[in-house]
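The structure file coords-v9.txt is reproduced below (compact mmCIF, C-alpha atoms).
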```
# COMPACT_ATOMS: atom_id res chain seq x y z
CA MET G 1 63.62 -18.09 -11.07
CA THR G 2 66.98 -16.37 -10.67
CA ALA G 3 69.58 -16.27 -13.45
CA ARG G 4 71.81 -18.61 -11.47
CA ALA G 5 68.99 -21.09 -10.92
CA GLN G 6 68.07 -20.87 -14.60
CA GLN G 7 71.70 -21.57 -15.53
CA SER G 8 71.82 -24.56 -13.17
CA ASP G 9 68.50 -25.89 -14.50
CA LEU G 10 69.73 -25.54 -18.06
CA GLU G 11 72.97 -27.37 -17.32
CA MET G 12 71.05 -30.23 -15.70
CA ARG G 13 68.76 -30.48 -18.70
CA LEU G 14 71.71 -30.54 -21.11
CA ALA G 15 73.40 -33.25 -19.03
CA GLU G 16 70.20 -35.31 -19.04
CA PHE G 17 69.87 -34.73 -22.79
CA GLY G 18 73.47 -35.99 -23.25
CA ARG G 19 72.74 -39.16 -21.27
CA ARG G 20 69.57 -39.96 -23.24
CA HIS G 21 71.08 -39.15 -26.62
CA PRO G 22 74.74 -40.11 -26.42
CA GLY G 23 75.07 -39.67 -30.19
CA ILE G 24 74.36 -35.94 -29.98
CA ASP G 25 76.84 -33.54 -28.49
CA PRO G 26 74.99 -31.10 -26.16
CA LYS G 27 77.32 -28.38 -27.43
CA ASP G 28 75.77 -28.79 -30.89
CA LEU G 29 72.34 -28.33 -29.34
CA VAL G 30 73.49 -25.19 -27.59
CA ASP G 31 74.83 -23.88 -30.90
CA VAL G 32 71.45 -24.53 -32.58
CA VAL G 33 69.52 -22.81 -29.83
CA GLU G 34 71.85 -19.83 -29.89
CA ALA G 35 71.47 -19.61 -33.65
CA ILE G 36 67.69 -19.54 -33.32
CA MET G 37 67.82 -16.89 -30.60
CA THR G 38 70.18 -14.76 -32.69
CA SER G 39 68.00 -15.03 -35.79
CA ALA G 40 65.00 -13.88 -33.72
CA ASP G 41 67.01 -10.68 -33.17
CA GLY G 42 65.63 -9.82 -29.80
CA ASP G 43 62.02 -10.80 -30.47
CA LEU G 44 62.38 -13.56 -27.92
CA SER G 45 64.66 -11.75 -25.53
CA SER G 46 64.13 -12.42 -21.83
CA VAL G 47 62.75 -8.91 -21.36
CA ASN G 48 60.11 -9.45 -24.02
CA LEU G 49 59.24 -12.86 -22.71
CA LYS G 50 58.77 -11.36 -19.26
CA LEU G 51 56.63 -8.59 -20.74
CA TYR G 52 54.47 -11.12 -22.58
CA ALA G 53 54.02 -13.01 -19.32
CA GLU G 54 53.02 -9.85 -17.51
CA ILE G 55 50.52 -8.96 -20.23
CA GLU G 56 49.07 -12.43 -20.06
CA GLN G 57 48.65 -12.06 -16.29
CA LEU G 58 47.03 -8.68 -16.83
CA ALA G 59 44.60 -10.17 -19.33
CA ILE G 60 43.69 -12.88 -16.83
CA TYR G 61 43.23 -10.22 -14.13
CA ILE G 62 40.95 -8.15 -16.36
CA GLN G 63 38.90 -11.17 -17.27
CA ARG G 64 38.44 -12.04 -13.59
CA ALA G 65 37.49 -8.44 -12.81
CA ARG G 66 34.91 -8.50 -15.59
CA GLU G 67 33.42 -11.66 -14.19
CA GLU G 68 33.32 -10.24 -10.67
CA ILE G 69 31.73 -6.99 -11.83
CA ALA G 70 29.17 -8.94 -13.83
CA SER G 71 28.33 -10.95 -10.71
CA LEU G 72 27.63 -7.68 -8.87
CA ARG G 73 24.92 -6.92 -11.46
CA PRO G 74 25.88 -3.29 -12.07
CA ASP G 75 22.99 -3.11 -14.52
CA GLU G 76 20.64 -3.52 -11.55
CA ILE G 77 22.47 -0.82 -9.63
CA THR G 78 22.13 1.70 -12.44
CA ALA G 79 18.73 0.61 -13.71
CA GLU G 80 17.00 -0.03 -10.42
CA HIS G 81 18.67 0.71 -7.08
CA LEU G 82 20.02 4.20 -7.70
CA PRO G 83 16.97 5.54 -9.58
CA VAL G 84 14.67 4.13 -6.89
CA ALA G 85 16.75 5.72 -4.14
CA GLY G 86 16.59 9.03 -6.01
CA GLU G 87 12.84 8.76 -6.43
CA GLU G 88 12.41 7.97 -2.75
CA LEU G 89 14.33 11.04 -1.77
CA GLU G 90 12.37 13.18 -4.22
CA ALA G 91 9.25 11.79 -2.58
CA VAL G 92 10.53 12.89 0.81
CA ILE G 93 10.90 16.41 -0.56
CA GLY G 94 7.36 16.32 -1.95
CA ALA G 95 5.87 14.90 1.23
CA THR G 96 7.54 17.41 3.53
CA GLU G 97 6.55 20.23 1.18
CA ASN G 98 2.92 19.14 1.26
CA ALA G 99 2.99 18.76 5.03
CA THR G 100 4.61 22.16 5.44
CA ASN G 101 1.97 23.80 3.26
CA THR G 102 -0.77 22.17 5.29
CA ILE G 103 0.81 23.45 8.51
CA MET G 104 1.16 26.91 6.98
CA GLU G 105 -2.48 27.01 5.87
CA SER G 106 -3.66 25.95 9.32
CA VAL G 107 -1.51 28.50 11.06
CA GLU G 108 -2.59 31.24 8.67
CA THR G 109 -6.19 30.40 9.55
CA ILE G 110 -5.35 30.74 13.24
CA GLU G 111 -3.52 34.01 12.60
CA ASN G 112 -6.52 35.43 10.78
CA LEU G 113 -8.64 34.81 13.87
CA THR G 114 -6.39 36.84 16.17
CA ASP G 115 -8.45 39.97 15.43
CA GLN G 116 -11.32 38.34 17.29
CA MET G 117 -9.21 37.45 20.32
CA PRO G 118 -8.54 39.51 23.42
CA ARG G 119 -5.36 41.56 22.96
CA GLU G 120 -3.26 39.53 25.41
CA VAL G 121 -4.31 36.23 23.87
CA SER G 122 -3.85 37.58 20.38
CA GLU G 123 -0.25 38.61 21.07
CA THR G 124 0.58 35.19 22.47
CA VAL G 125 -0.99 33.47 19.49
CA VAL G 126 0.84 35.73 17.01
CA ASP G 127 4.15 34.93 18.72
CA ALA G 128 3.40 31.23 18.46
CA VAL G 129 2.37 31.59 14.82
CA THR G 130 5.60 33.42 14.08
CA GLN G 131 7.59 30.56 15.57
CA VAL G 132 5.70 28.10 13.41
CA TYR G 133 6.50 30.16 10.29
CA GLU G 134 10.17 30.20 11.28
CA ALA G 135 10.20 26.47 11.93
CA CYS G 136 8.56 25.76 8.58
CA GLY G 137 11.78 26.96 6.98
CA PHE G 138 13.11 23.47 7.72
CA GLN G 139 11.45 22.25 4.54
CA ASP G 140 13.61 24.48 2.38
CA ILE G 141 16.79 23.41 4.15
CA THR G 142 16.03 19.68 4.15
CA GLY G 143 14.87 19.90 0.55
CA GLN G 144 18.19 21.37 -0.52
CA ARG G 145 20.13 18.77 1.46
CA ILE G 146 18.16 15.93 -0.08
CA LYS G 147 18.71 17.38 -3.55
CA LYS G 148 22.43 17.25 -2.89
CA VAL G 149 22.14 13.56 -2.02
CA VAL G 150 20.14 12.92 -5.20
CA THR G 151 22.85 14.68 -7.19
CA THR G 152 25.47 12.45 -5.54
CA LEU G 153 23.48 9.35 -6.44
CA THR G 154 23.32 10.52 -10.04
CA GLN G 155 27.09 10.95 -10.04
CA ILE G 156 27.56 7.43 -8.65
CA GLU G 157 25.30 6.15 -11.41
CA GLU G 158 27.49 7.85 -13.98
CA LYS G 159 30.62 6.34 -12.42
CA VAL G 160 29.13 2.86 -12.61
CA HIS G 161 28.30 3.47 -16.26
CA ALA G 162 31.88 4.57 -16.81
CA LEU G 163 33.18 1.44 -15.10
CA LEU G 164 31.06 -0.69 -17.37
CA GLY G 165 32.34 1.26 -20.33
CA ALA G 166 35.90 0.63 -19.22
CA PHE G 167 35.34 -3.05 -19.84
CA GLY G 168 33.56 -2.52 -23.10
CA GLN G 169 33.50 0.67 -25.12
CA ASP G 170 36.41 3.06 -25.15
CA SER G 171 34.12 5.96 -26.00
CA GLN G 172 32.32 5.51 -22.69
CA ILE G 173 35.62 5.64 -20.85
CA ASP G 174 36.55 8.89 -22.57
CA ALA G 175 33.17 10.42 -21.81
CA ALA G 176 33.37 9.47 -18.15
CA ARG G 177 36.94 10.72 -17.85
CA ALA G 178 36.11 14.04 -19.51
CA LYS G 179 33.23 14.53 -17.13
CA ALA G 180 35.29 13.68 -14.07
CA GLU G 181 38.22 15.91 -14.92
CA LYS G 182 37.85 19.53 -13.81
CA PRO G 183 40.51 21.93 -14.98
CA LYS G 184 42.37 23.54 -12.08
CA THR G 185 42.76 27.27 -12.61
CA ASP G 186 43.29 30.37 -10.53
CA ALA G 187 40.16 31.90 -12.04
CA PRO G 188 37.51 33.25 -9.62
CA LEU G 189 34.91 30.74 -8.46
CA SER G 190 31.97 30.64 -10.82
CA ASP G 191 28.37 30.97 -9.76
CA ALA G 192 27.97 27.21 -10.22
CA ASP G 193 31.04 26.56 -8.04
CA LEU G 194 29.54 28.69 -5.29
CA MET G 195 26.12 27.05 -5.30
CA ASN G 196 26.71 24.22 -2.83
CA GLY G 197 23.54 24.43 -0.80
CA PRO G 198 23.36 24.10 2.99
CA GLN G 199 26.69 23.36 4.62
CA ALA G 200 27.46 20.79 7.28
CA ALA G 201 27.62 22.46 10.69
CA GLU G 202 31.41 22.27 10.85
CA ALA G 203 31.79 23.83 7.38
CA ALA G 204 29.27 26.64 7.78
CA ILE G 205 29.84 30.05 9.29
CA SER G 206 27.32 31.70 11.59
CA GLN G 207 25.20 34.78 11.01
CA ASP G 208 27.53 36.64 13.38
CA ASP G 209 30.53 35.58 11.29
CA ILE G 210 28.74 36.74 8.16
CA ASP G 211 27.92 40.09 9.74
CA ALA G 212 31.55 40.53 10.78
CA LEU G 213 32.72 39.56 7.32
CA LEU G 214 30.38 42.06 5.70
CA ALA G 215 31.47 44.75 8.11
CA SER G 216 35.11 44.10 7.21
CA PHE G 217 34.40 45.43 3.72
CA ASP G 218 33.25 48.82 5.03
CA MET P 1 6.98 57.45 14.47
CA SER P 2 8.67 55.29 11.85
CA ALA P 3 10.12 57.07 8.83
CA VAL P 4 9.93 53.88 6.87
CA ASP P 5 7.16 53.59 4.31
CA MET P 6 5.47 50.41 5.44
CA ASN P 7 3.65 50.26 2.10
CA MET P 8 6.88 50.10 0.13
CA PRO P 9 6.78 47.58 -2.72
CA ILE P 10 8.99 44.60 -1.92
CA LEU P 11 9.93 41.79 -4.29
CA ILE P 12 10.74 38.43 -2.72
CA VAL P 13 12.47 35.79 -4.85
CA ASP P 14 12.74 32.08 -4.04
CA ASP P 15 12.21 28.88 -6.00
CA TYR P 16 10.57 27.25 -2.96
CA LYS P 17 7.01 28.49 -2.86
CA THR P 18 6.82 27.51 0.79
CA MET P 19 9.72 29.81 1.58
CA LEU P 20 8.04 32.62 -0.38
CA ARG P 21 5.00 32.06 1.78
CA ILE P 22 7.05 32.09 4.98
CA ILE P 23 8.86 35.31 4.05
CA ARG P 24 5.61 36.93 2.94
CA ASN P 25 3.92 36.02 6.24
CA LEU P 26 6.85 37.23 8.31
CA LEU P 27 6.94 40.49 6.34
CA LYS P 28 3.22 40.85 6.92
CA GLN P 29 3.77 40.41 10.65
CA LEU P 30 6.43 43.11 10.49
CA GLY P 31 3.89 45.38 8.82
CA PHE P 32 4.84 45.07 5.15
CA ASP P 33 1.89 44.07 3.00
CA ASN P 34 2.91 45.28 -0.45
CA VAL P 35 4.84 42.18 -1.46
CA ASP P 36 5.26 40.57 -4.88
CA GLU P 37 6.88 37.21 -5.62
CA ALA P 38 9.17 35.67 -8.24
CA THR P 39 10.45 32.12 -8.41
CA ASP P 40 13.82 32.71 -10.05
CA GLY P 41 16.22 35.44 -11.04
CA SER P 42 15.01 35.95 -14.57
CA MET P 43 11.39 36.33 -13.51
CA ALA P 44 12.49 38.72 -10.78
CA LEU P 45 14.53 40.80 -13.23
CA GLN P 46 11.53 41.14 -15.50
CA LYS P 47 9.34 42.25 -12.59
CA LEU P 48 11.97 44.74 -11.46
CA ARG P 49 12.03 46.27 -14.93
CA ASP P 50 8.24 46.36 -15.17
CA LYS P 51 7.55 47.94 -11.77
CA SER P 52 9.39 50.11 -9.28
CA TYR P 53 10.37 48.29 -6.06
CA SER P 54 11.98 49.59 -2.91
CA LEU P 55 13.60 46.36 -1.81
CA VAL P 56 14.53 42.92 -3.15
CA ILE P 57 14.81 39.91 -0.84
CA SER P 58 16.25 37.00 -2.80
CA ASP P 59 17.35 33.40 -2.39
CA TRP P 60 20.64 32.42 -4.05
CA ASN P 61 20.25 28.85 -5.26
CA MET P 62 17.74 29.06 -8.12
CA GLU P 63 17.54 28.08 -11.76
CA PRO P 64 17.79 29.20 -14.49
CA MET P 65 19.05 32.49 -13.02
CA SER P 66 20.56 32.39 -9.53
CA GLY P 67 20.25 35.06 -6.89
CA LEU P 68 23.87 36.09 -7.39
CA GLN P 69 23.36 36.50 -11.12
CA LEU P 70 20.20 38.50 -10.42
CA LEU P 71 22.19 40.72 -8.08
CA LYS P 72 24.84 41.30 -10.74
CA GLU P 73 22.16 42.11 -13.33
CA VAL P 74 20.53 44.56 -10.92
CA ARG P 75 23.81 46.30 -10.14
CA ALA P 76 24.64 46.50 -13.85
CA ASP P 77 21.30 48.05 -14.71
CA GLY P 78 21.38 51.84 -14.59
CA GLN P 79 17.76 52.04 -13.46
CA LEU P 80 18.14 49.45 -10.69
CA SER P 81 21.74 49.73 -9.57
CA ASN P 82 20.94 51.41 -6.23
CA LEU P 83 18.10 49.08 -5.28
CA PRO P 84 18.59 47.56 -1.77
CA PHE P 85 19.19 43.85 -2.23
CA VAL P 86 19.06 41.37 0.66
CA MET P 87 20.18 37.79 0.09
CA ILE P 88 18.43 35.13 2.21
CA THR P 89 20.14 31.83 1.56
CA ALA P 90 21.40 28.55 2.97
CA GLU P 91 24.74 29.24 1.26
CA SER P 92 26.82 29.95 4.34
CA LYS P 93 30.44 29.64 3.32
CA THR P 94 32.84 32.53 3.58
CA GLU P 95 33.42 32.59 -0.17
CA ASN P 96 29.68 32.91 -0.73
CA VAL P 97 29.40 35.97 1.48
CA VAL P 98 32.50 37.50 -0.10
CA ALA P 99 31.18 36.85 -3.61
CA ALA P 100 27.80 38.37 -2.72
CA LYS P 101 29.42 41.41 -1.13
CA GLN P 102 31.70 41.91 -4.10
CA ALA P 103 28.64 41.73 -6.35
CA GLY P 104 27.02 44.48 -4.29
CA VAL P 105 24.66 42.77 -1.86
CA THR P 106 23.20 45.12 0.75
CA ASN P 107 22.76 42.53 3.48
CA TYR P 108 22.95 38.77 3.87
CA ILE P 109 20.74 36.49 5.97
CA VAL P 110 21.55 32.82 6.36
CA LYS P 111 18.79 30.21 6.49
CA PRO P 112 17.28 29.10 8.74
CA PHE P 113 16.47 32.53 10.09
CA ASN P 114 13.87 33.93 12.45
CA ALA P 115 11.60 36.95 12.44
CA ALA P 116 13.87 38.89 14.78
CA THR P 117 16.86 38.46 12.45
CA LEU P 118 14.74 39.49 9.47
CA LYS P 119 13.60 42.63 11.28
CA THR P 120 17.13 43.52 12.36
CA LYS P 121 18.57 43.11 8.87
CA LEU P 122 15.74 44.98 7.18
CA SER P 123 16.12 47.81 9.68
CA ALA P 124 19.79 48.03 8.76
CA VAL P 125 18.84 48.32 5.10
CA ILE P 126 15.73 50.52 5.02
CA GLY P 127 15.85 52.16 8.45
CA HIS P 128 14.22 51.37 11.78
CA PHE P 129 10.54 50.57 11.80
```
Any chance you could put this one into structure tokens?
Amino acid sequence: MTARAQQSDLEMRLAEFGRRHPGIDPKDLVDVVEAIMTSADGDLSSVNLKLYAEIEQLAIYIQRAREEIASLRPDEITAEHLPVAGEELEAVIGATENATNTIMESVETIENLTDQMPREVSETVVDAVTQVYEACGFQDITGQRIKKVVTTLTQIEEKVHALLGAFGQDSQIDAARAKAEKPKTDAPLSDADLMNGPQAAEAAISQDDIDALLASFD
Amino acid sequence: MSAVDMNMPILIVDDYKTMLRIIRNLLKQLGFDNVDEATDGSMALQKLRDKSYSLVISDWNMEPMSGLQLLKEVRADGQLSNLPFVMITAESKTENVVAAKQAGVTNYIVKPFNAATLKTKLSAVIGHF
């Protein structure tokens, strides 16, 4: 409500008060109200009243948010969904590693038989075996990529914990904030900063680029 | 005739045993049979101090000691500082290559790699074979 509307509303109320209580002069009432407001010395100023209203709205908003978060069952997300997803991905790593080792053993067996093969056949088989060895490197690459995803899931889990803490314990908020904040400095990248695992194709540089980069130091 | 000693002791370092196996097999195909293994930087450093090697081929991303840290330890060690050190890693960002070069890496191979690339890079490090 604007100040002008408030003024108009107040005047109407005073006029109505005067009609209902003809024995009381509305001016006396105004004097009493002004005296009360003055004695409150600003405690009930319009600014403070507005602030109290805003805080009340904020409290209502927080309460609603708490109820909505509770309905999402974040405890299930942190206790069940994320750990299960992480375990599944770890299982993928284990399964591909086992499969790769089985392939390697089989191919090694074949390679060991090349001595008994005619030279031309042997060379062809060795070439094929070499390609299998090269291809088996996929397990290392996919394993590292999956580990990155597991790490991301763990970070999400921590964020959810922090969110829960924000509606409960201040210490949890501080811990989450401290973990999230990384100081920005001009210091050289640390070993940990540099260990990012396999890059997405658009972010990686090729072997040729690497060779050129190395050569640029000479 | 190759001037390279095909019986040179080589240390390969990777935390993925499958990758150790792949590198060992590829080295064997290239004619190098005298190969030892380590599964992280600290184990590799101990082996390097216990036995004389002619070449180290190391992954980067390992715990507790990474390949980069191993490289720095090697370069800082008076007995090992000139040892050829080849990094084979999936770390393929420019800053990784720069950091490795600044730490003294001899050559850098990005995963996935093939036998031909391995041979080319090793030839650049130890001579043609």
Exercise for the section: Compute the set of chain G residues within 6 Å of chain P, using only C-alpha atoms, and express it as a ChimeraX atom specification. Expected result: /G:133-134,197-198,204-205
Exercise for the section: Fewer than 5 positions away in the same chain doesn't count, so skip those; otherwise give me all residues within 12 Å of region 54-69 of chain G, counting all atoms listed in the file, as a list in words. Expected result: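 The residues satisfying every condition are Val47, Asn48, Leu49, Pro74, Asp75, Glu76, Ile77, Val160, His161, Leu163, Leu164, Gly165, Ala166, Phe167 and Gly168 of chain G.
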Exercise for the section: Would you please work out which residue, of P:Ile12, P:Asp77, P:Val4, P:Gly31, is nearest to Tyr53 (chain P) when using only C-alpha atoms? Expected result: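 Closest residue, counting only C-alpha atoms: P:Ile12.
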Practice task
May I have the residues within 12 Å of Ile156 (chain G) as a list in words, using all atoms listed in the file and disregarding those fewer than 2 positions away in the same chain?
Solution key: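 Those residues are Pro74, Ile77, Thr78, His81, Leu82, Pro83, Ala85, Gly86, Val149, Val150, Thr151, Thr152, Leu153, Thr154, Glu158, Lys159, Val160, His161, Ala162, Leu163, Ala176 and Ala180 of chain G.
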Exercise for the section: Kindly give the distance, in Å, that separates CA of Val125 (chain G) and CA of Gly137 (chain G), rounded to a single decimal. Expected result: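 Separation between CA of Val125 (chain G) and CA of Gly137 (chain G): 19.0 Å.
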Handout entry: Distance of CA of Gln6 (chain G) from CA of Ser46 (chain G), expressed in Å to one decimal place
Key = 11.8 Å
